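*Asks:* Contents of coords.txt (compact mmCIF, C-alpha atoms):
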```
# COMPACT_ATOMS: atom_id res chain seq x y z
CA MET A 182 -26.25 51.90 -21.28
CA PRO A 183 -24.49 49.59 -18.78
CA GLN A 184 -22.42 50.88 -15.89
CA PHE A 185 -19.22 49.00 -15.04
CA ILE A 186 -17.03 49.55 -11.99
CA SER A 187 -13.83 51.42 -12.81
CA LYS A 188 -10.94 52.41 -10.55
CA LEU A 189 -7.50 54.01 -10.67
CA GLN A 190 -4.04 52.83 -9.69
CA HIS A 191 -1.11 55.25 -9.43
CA ASN A 192 2.61 54.50 -9.41
CA THR A 193 2.83 54.88 -5.61
CA TYR A 194 0.16 52.22 -4.98
CA GLU A 195 0.81 48.64 -3.96
CA LYS A 196 -0.74 45.49 -5.40
CA GLY A 197 -4.51 45.53 -4.93
CA GLU A 198 -4.65 49.23 -4.02
CA PHE A 199 -7.09 51.38 -6.01
CA SER A 200 -8.89 54.71 -5.69
CA ASP A 201 -11.87 56.54 -7.24
CA GLU A 202 -13.71 53.22 -7.46
CA GLN A 203 -17.33 53.54 -8.59
CA PRO A 204 -19.76 52.48 -11.35
CA ARG A 205 -19.46 54.50 -14.56
CA ASN A 206 -21.02 54.35 -18.01
CA LEU A 207 -18.96 54.23 -21.19
CA ASP A 208 -18.64 58.00 -21.66
CA GLU A 209 -17.64 58.51 -18.02
CA THR A 210 -15.08 55.71 -18.25
CA ILE A 211 -13.56 57.13 -21.43
CA GLN A 212 -13.27 60.52 -19.75
CA LEU A 213 -11.61 58.87 -16.73
CA ILE A 214 -9.02 57.34 -19.07
CA LYS A 215 -8.40 60.66 -20.83
CA ASP A 216 -7.97 62.50 -17.53
CA PHE A 217 -5.50 59.97 -16.09
CA PRO A 218 -1.94 61.46 -15.89
CA TRP A 219 -0.34 58.88 -18.16
CA ASP A 220 2.59 61.07 -19.25
CA LEU A 221 3.40 62.16 -15.69
CA GLU A 222 3.50 58.60 -14.38
CA ARG A 223 5.21 56.97 -17.33
CA PRO A 224 8.85 57.93 -16.44
CA LEU A 225 10.67 55.32 -14.31
CA THR A 226 7.55 53.14 -14.12
CA ASP A 227 8.08 49.40 -14.32
CA ILE A 228 6.02 47.59 -16.93
CA GLN A 229 4.02 45.12 -14.84
CA LEU A 230 0.50 44.23 -13.75
CA THR A 231 0.61 46.61 -10.80
CA GLY A 232 1.35 50.16 -11.88
CA PRO A 233 -0.32 53.30 -13.27
CA SER A 234 -3.55 52.03 -14.75
CA VAL A 235 -7.32 52.17 -15.10
CA THR A 236 -9.15 48.93 -14.30
CA ILE A 237 -12.70 48.14 -15.39
CA GLN A 238 -14.87 45.30 -14.08
CA ASP A 239 -18.02 44.17 -15.88
CA ASP A 240 -21.10 42.48 -14.40
CA GLY A 241 -19.64 39.03 -15.11
CA ILE A 242 -16.52 39.72 -12.99
CA ASN A 243 -14.25 40.04 -16.01
CA TYR A 244 -11.54 42.71 -15.84
CA LEU A 245 -9.98 45.01 -18.40
CA LYS A 246 -6.87 46.79 -17.11
CA LEU A 247 -5.23 49.58 -19.08
CA GLY A 248 -1.58 50.09 -18.19
CA LEU A 249 1.64 51.51 -19.62
CA TYR A 250 4.01 49.84 -22.08
CA PHE A 251 7.33 50.67 -23.74
CA GLY A 252 7.70 53.25 -26.49
CA GLY A 253 4.69 55.34 -25.51
CA LYS A 254 2.34 52.40 -26.03
CA PHE A 255 -0.26 50.92 -23.68
CA CYS A 256 -0.64 47.38 -22.39
CA VAL A 257 -4.23 46.19 -22.12
CA TYR A 258 -4.75 43.22 -19.80
CA TYR A 259 -7.88 41.09 -19.79
CA LEU A 260 -8.61 38.70 -16.92
CA ASP A 261 -11.76 36.62 -17.26
CA LYS A 262 -13.84 35.16 -14.45
CA ASN A 263 -12.02 31.82 -14.85
CA ASN A 264 -8.63 33.46 -14.17
CA HIS A 265 -7.39 33.32 -17.76
CA LEU A 266 -5.08 36.26 -18.45
CA TYR A 267 -4.50 37.93 -21.83
CA ASP A 268 -2.70 41.08 -22.96
CA TYR A 269 -2.52 43.33 -26.00
CA HIS A 270 -0.16 46.20 -26.83
CA ALA A 271 -2.17 49.20 -28.04
CA ALA A 272 -0.38 51.84 -30.10
CA ASP A 273 -2.13 54.88 -28.61
CA ILE A 274 -4.92 56.06 -26.32
CA GLU A 275 -7.44 55.96 -29.20
CA ALA A 276 -6.85 52.23 -29.65
CA VAL A 277 -7.34 51.77 -25.91
CA GLU A 278 -10.65 53.65 -26.00
CA LYS A 279 -11.84 51.45 -28.88
CA LEU A 280 -11.18 48.32 -26.81
CA VAL A 281 -13.02 49.82 -23.84
CA ALA A 282 -16.02 50.60 -26.04
CA ASP A 283 -16.03 46.99 -27.30
CA PHE A 284 -15.82 45.79 -23.69
CA PHE A 285 -18.92 47.79 -22.78
CA ASN A 286 -20.83 46.84 -25.94
CA GLN A 287 -20.03 43.11 -25.60
CA THR A 288 -18.23 43.09 -28.96
CA PHE A 289 -14.85 42.41 -27.35
CA ASP A 290 -12.59 40.31 -29.61
CA LEU A 291 -9.92 38.29 -27.79
CA ARG A 292 -8.30 37.09 -31.01
CA VAL A 293 -5.95 40.09 -31.06
CA PHE A 294 -4.83 39.29 -27.50
CA GLU A 295 -2.04 36.97 -26.42
CA LYS A 296 -2.90 34.44 -23.72
CA TYR A 297 -0.64 33.84 -20.72
CA PHE A 298 0.24 30.18 -20.20
CA PHE A 299 0.98 30.63 -16.49
CA ASN A 300 -1.79 32.36 -14.55
CA ILE A 301 -0.71 31.92 -10.95
CA GLY A 302 -1.31 34.86 -8.60
CA ASN A 303 -2.80 37.28 -11.12
CA GLN A 304 -6.12 38.11 -9.47
CA PRO A 305 -4.65 40.26 -6.64
CA HIS A 306 -3.49 42.73 -9.32
CA PHE A 307 -7.12 43.31 -10.34
CA VAL A 308 -9.21 42.78 -7.20
CA THR A 309 -9.43 45.60 -4.65
CA ASN A 310 -7.70 44.77 -1.37
CA LYS A 311 -9.07 46.43 1.80
CA PHE A 312 -5.65 46.21 3.54
CA GLU A 313 -7.24 45.46 6.90
CA TYR A 314 -5.13 43.65 9.47
CA HIS A 315 -6.04 41.88 12.71
CA VAL A 316 -4.00 40.12 15.37
CA LYS A 317 -3.19 36.55 14.32
CA VAL A 318 -4.17 34.68 17.50
CA GLY A 319 -3.39 31.32 15.89
CA LYS A 320 0.25 32.33 15.33
CA ILE A 321 0.59 33.41 18.97
CA VAL A 322 -0.73 30.08 20.22
CA ALA A 323 1.34 28.09 17.70
CA LEU A 324 4.55 29.89 18.63
CA SER A 325 3.86 29.40 22.35
CA LEU A 326 3.23 25.67 21.91
CA SER A 327 6.36 25.24 19.79
CA LEU A 328 8.50 27.02 22.40
CA LEU A 329 7.03 24.84 25.12
CA ALA A 330 7.66 21.70 23.04
CA TYR A 331 11.30 22.67 22.43
CA THR A 332 11.81 23.27 26.15
CA ALA A 333 10.24 19.93 27.04
CA VAL A 334 12.36 18.01 24.52
CA PHE A 335 15.54 19.71 25.71
CA SER A 336 14.68 18.94 29.34
CA LEU A 337 14.01 15.26 28.61
CA LEU A 338 17.27 14.94 26.66
CA PHE A 339 19.15 16.63 29.50
CA LEU A 340 17.66 14.17 32.02
CA LYS A 341 18.59 11.23 29.83
CA ILE A 342 22.17 12.42 29.34
CA THR A 343 22.69 13.04 33.07
CA GLU A 344 20.90 9.77 33.93
CA GLY A 345 18.61 11.52 36.37
CA ARG A 346 21.31 12.61 38.83
CA TRP A 347 21.07 15.75 40.98
CA LEU A 348 21.24 17.89 37.81
CA GLU A 349 17.59 17.00 37.15
CA VAL A 350 16.68 20.12 39.14
CA PHE A 351 18.07 22.25 36.29
CA PRO A 352 15.65 21.10 33.55
CA ILE A 353 12.75 21.25 36.03
CA LEU A 354 13.67 24.82 36.89
CA MET A 355 14.08 25.58 33.20
CA MET A 356 10.59 24.22 32.47
CA VAL A 357 9.06 26.32 35.24
CA ILE A 358 10.77 29.50 33.99
CA SER A 359 9.82 28.75 30.38
CA ILE A 360 6.17 28.12 31.24
CA ALA A 361 6.06 31.37 33.19
CA ALA A 362 7.68 33.32 30.34
CA ILE A 363 5.43 31.76 27.70
CA SER A 364 2.35 32.43 29.83
CA TYR A 365 3.35 36.07 30.14
CA PHE A 366 3.96 36.27 26.38
CA VAL A 367 0.55 34.78 25.57
CA ALA A 368 -1.29 36.95 28.12
CA THR A 369 0.41 40.13 26.85
CA ASN A 370 -0.32 39.46 23.20
CA LEU A 371 -3.84 38.15 23.68
CA LYS A 372 -4.65 41.28 25.69
CA GLY A 373 -4.41 43.24 22.45
CA ARG A 374 -5.98 40.56 20.25
CA HIS A 375 -8.77 42.93 19.11
CA GLN A 376 -6.34 45.44 17.59
CA TYR A 377 -7.20 46.62 14.09
CA ILE A 378 -5.33 48.62 11.46
CA GLN A 379 -6.19 49.58 7.90
CA ILE A 380 -3.19 50.94 6.02
CA SER A 381 -1.93 50.98 2.43
CA LYS A 382 1.08 52.45 0.68
CA GLY A 383 -0.53 54.99 -1.64
CA ASN A 384 -2.83 56.58 0.96
CA ASN A 385 -1.35 58.78 3.70
CA LYS A 386 -4.46 58.28 5.83
CA PHE A 387 -4.66 55.12 7.91
CA SER A 388 -7.01 53.83 10.60
CA TYR A 389 -6.09 52.20 13.90
CA GLY A 390 -8.04 51.05 16.93
CA VAL A 391 -7.67 48.88 20.03
CA ASP A 392 -10.77 47.23 18.55
CA GLU A 393 -13.08 47.88 15.61
CA GLN A 394 -15.42 49.97 17.79
CA HIS A 395 -12.75 52.57 18.67
CA ILE A 396 -11.06 53.41 15.38
CA ILE A 397 -9.18 56.67 14.86
CA VAL A 398 -7.93 57.99 11.52
CA TYR A 399 -4.29 59.13 11.45
CA ASP A 400 -2.06 60.77 8.84
CA LYS A 401 1.41 59.46 7.98
CA THR A 402 2.66 63.03 7.60
CA ASP A 403 1.94 63.60 11.32
CA ILE A 404 4.40 60.86 12.37
CA ARG A 405 7.51 62.18 14.14
CA VAL A 406 9.45 58.92 14.42
CA ILE A 407 8.96 55.15 14.25
CA LEU A 408 10.63 52.95 16.88
CA TYR A 409 10.95 49.34 15.79
CA ASN A 410 12.07 46.68 18.26
CA GLN A 411 13.34 43.66 16.34
CA ASN A 412 13.67 40.13 17.67
CA SER A 413 16.04 38.13 15.47
CA ARG A 414 15.22 34.86 17.24
CA ASN A 415 11.86 34.61 15.55
CA ARG A 416 11.86 35.11 11.78
CA SER A 417 8.08 35.44 11.59
CA GLY A 418 8.36 38.86 13.27
CA ILE A 419 5.59 37.99 15.72
CA LEU A 420 7.84 38.98 18.63
CA ASP A 421 8.64 42.40 17.15
CA LYS A 422 7.08 45.60 18.44
CA CYS A 423 6.53 48.88 16.63
CA GLU A 424 5.86 52.24 18.27
CA ILE A 425 4.56 55.09 16.12
CA VAL A 426 5.24 58.45 17.73
CA PHE A 427 3.23 61.42 16.42
CA ASN A 428 4.09 65.11 16.48
CA ASN A 429 1.49 65.75 19.20
CA GLY A 430 3.17 63.18 21.49
CA GLU A 431 0.61 60.41 20.97
CA ILE A 432 2.03 56.90 20.66
CA ILE A 433 0.38 53.78 19.25
CA THR A 434 2.01 50.39 19.65
CA LEU A 435 1.68 47.61 17.08
CA SER A 436 2.71 44.05 17.81
CA GLY A 437 4.24 41.73 15.28
CA ALA A 438 1.15 39.57 15.66
CA LEU A 439 -0.88 42.40 14.11
CA LEU A 440 1.49 43.39 11.31
CA SER A 441 4.96 42.09 10.47
CA GLY A 442 7.79 44.56 9.89
CA ASP A 443 8.16 43.63 6.21
CA VAL A 444 4.49 44.37 5.57
CA PHE A 445 4.39 47.48 7.77
CA PHE A 446 7.37 49.29 6.23
CA ASN A 447 6.09 48.56 2.73
CA LYS A 448 3.21 50.92 3.56
CA PHE A 449 5.43 54.01 3.50
CA ASP A 450 6.77 55.95 0.54
CA GLU A 451 10.41 56.97 0.93
CA LYS A 452 9.47 60.55 0.02
CA LEU A 453 7.73 60.94 3.40
CA GLY A 454 11.13 61.06 5.10
CA ILE A 455 9.97 59.61 8.43
CA PRO A 456 12.88 58.80 10.79
CA VAL A 457 13.06 55.15 11.84
CA ILE A 458 15.02 53.86 14.85
CA TYR A 459 15.63 50.11 15.01
CA THR A 460 16.37 48.63 18.42
CA HIS A 461 17.83 45.19 19.01
CA ARG A 462 19.39 43.81 22.21
CA GLY A 463 19.80 47.30 23.58
CA VAL A 464 21.76 48.53 20.55
CA PHE A 465 20.23 51.46 18.67
CA LYS A 466 20.64 51.84 14.95
CA ASN A 467 19.51 55.18 13.54
CA LYS A 468 18.11 55.16 10.03
CA LEU A 469 16.89 58.65 9.24
CA ASN A 470 14.71 59.57 6.29
CA GLN A 471 14.06 55.95 5.40
CA PHE A 472 10.33 56.57 4.91
```
Go ahead and express the file in the form of structure tokens.
*Replies:*
Amino acid sequence: MPQFISKLQHNTYEKGEFSDEQPRNLDETIQLIKDFPWDLERPLTDIQLTGPSVTIQDDGINYLKLGLYFGGKFCVYYLDKNNHLYDYHAADIEAVEKLVADFFNQTFDLRVFEKYFFNIGNQPHFVTNKFEYHVKVGKIVALSLSLLAYTAVFSLLFLKITEGRWLEVFPILMMVISIAAISYFVATNLKGRHQYIQISKGNNKFSYGVDEQHIIVYDKTDIRVILYNQNSRNRSGILDKCEIVFNNGEIITLSGALLSGDVFFNKFDEKLGIPVIYTHRGVFKNKLNQF
């Protein structure tokens, strides 16, 4: 009897996040489906590709994903190795189990399924994401070069407008200050270029290290407060800085080059109730119990 990889996705998970992933035979997979808390996770759950589900992957890298549908039904998604997506609305759990058995026994009949005409961006809903993040050195260098280019262009335009009179000392001074500031920015960010973090929304445990040889596992429930320093002048968030303060007084600092604010805050469930303080230009904005 073949063993296919199966994994679970709960309603607190994000796209590509799964748990209990391991090879299982047909009987074990059927039992996994029966034990899944479908009724508990059905209320207030959006009907979409990412949601409470059991996903099965065969040896040919074809996926069968069993999710929820309206009216107590189930939506069965099938994604083949060529990225063609199909779905079928099963009336009950017994119909789902029959499809799973056919999937294992290679008697799967796609004629009852409806094919999607647009298949863009579907694979991330089926493939396990490790949620590992590293400092984006290329973005640091690109931002530094763009800032330097803007300064140079402004200085040349200023010289042209003033026709090279005594005011030429101003753009020269501006260039010197800009180069010094950019050099400091690059040196500061590249110093932490080996930072690593592995974090996902549905798991309260996350791993962080100044490099991949010194990784420590933390728990979101041990966080006392999050201090987030925003820089509105750069929309990429690369200039932002996040400080995570734990109950024991330990602090870890994440740069925007490691993880943007939009991505970072998506890793926290609102039920955790972690206080967040945003800082911007010296003005503090308290947002308690946001995460």
*Asks:* One decimal, Å: what's the distance from atom CA of A:Glu195 over to atom CA of A:Asn428, could you say?
*Replies:*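 Interatomic distance, atom CA of A:Glu195 to atom CA of A:Asn428: 26.5 Å.
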*Asks:* Which residues are close to A:Phe285, i.e. within 8 Å by all atoms listed in the file, leaving aside same-chain residues fewer than 4 positions away? Reply as a ChimeraX atom specification.
*Replies:* /A:183,185,207,239,281
*Asks:* Kindly indicate which residue among A:Phe298, A:Tyr389, A:Phe289, A:Tyr244 lies nearest to A:Ser187, using all atoms listed in the file for the distances.
*Replies:*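 Distance minimum relative to A:Ser187 lands on A:Tyr244.
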*Asks:* Can you work out which one of A:Ile407, A:Leu439, A:Leu247, A:Val444 has the shortest atom-to-atom distance to A:Phe427, counting all atoms listed in the file?
*Replies:*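 Comparing A:Ile407, A:Leu439, A:Leu247, A:Val444 against A:Phe427, the winner is A:Ile407.
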*Asks:* What is the atom CA of A:Pro305 to atom CA of A:Lys196 distance in Å?
*Replies:*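 Taking atom CA of A:Pro305 and atom CA of A:Lys196, their separation equals 6.6 Å.
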*Asks:* State, in Å with one decimal place, the distance from atom CA of A:Pro456 to atom CA of A:Arg223.
*Replies:*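 So the two atoms, atom CA of A:Pro456 and atom CA of A:Arg223, lie 29.2 Å apart.
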*Asks:* Quick one: of A:Val391, A:Gly302, A:Leu291, A:Gly248, who's nearest to A:His315, counting all atoms listed in the file?
*Replies:*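 Ranked by minimum distance to A:His315, first place goes to A:Val391.
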*Asks:* Taking into account all atoms listed in the file, which residue in the set A:Leu408, A:Ile186, A:Ala272, A:Ile228 is nearest to A:Asp421?
*Replies:*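 Result for the nearest residue to A:Asp421: A:Leu408.
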*Asks:* Calculated over only C-alpha atoms, which of the candidates A:Ile237, A:Asn263, A:Asn300, A:Phe217 has the smallest distance to A:Pro204?
*Replies:* A:Ile237
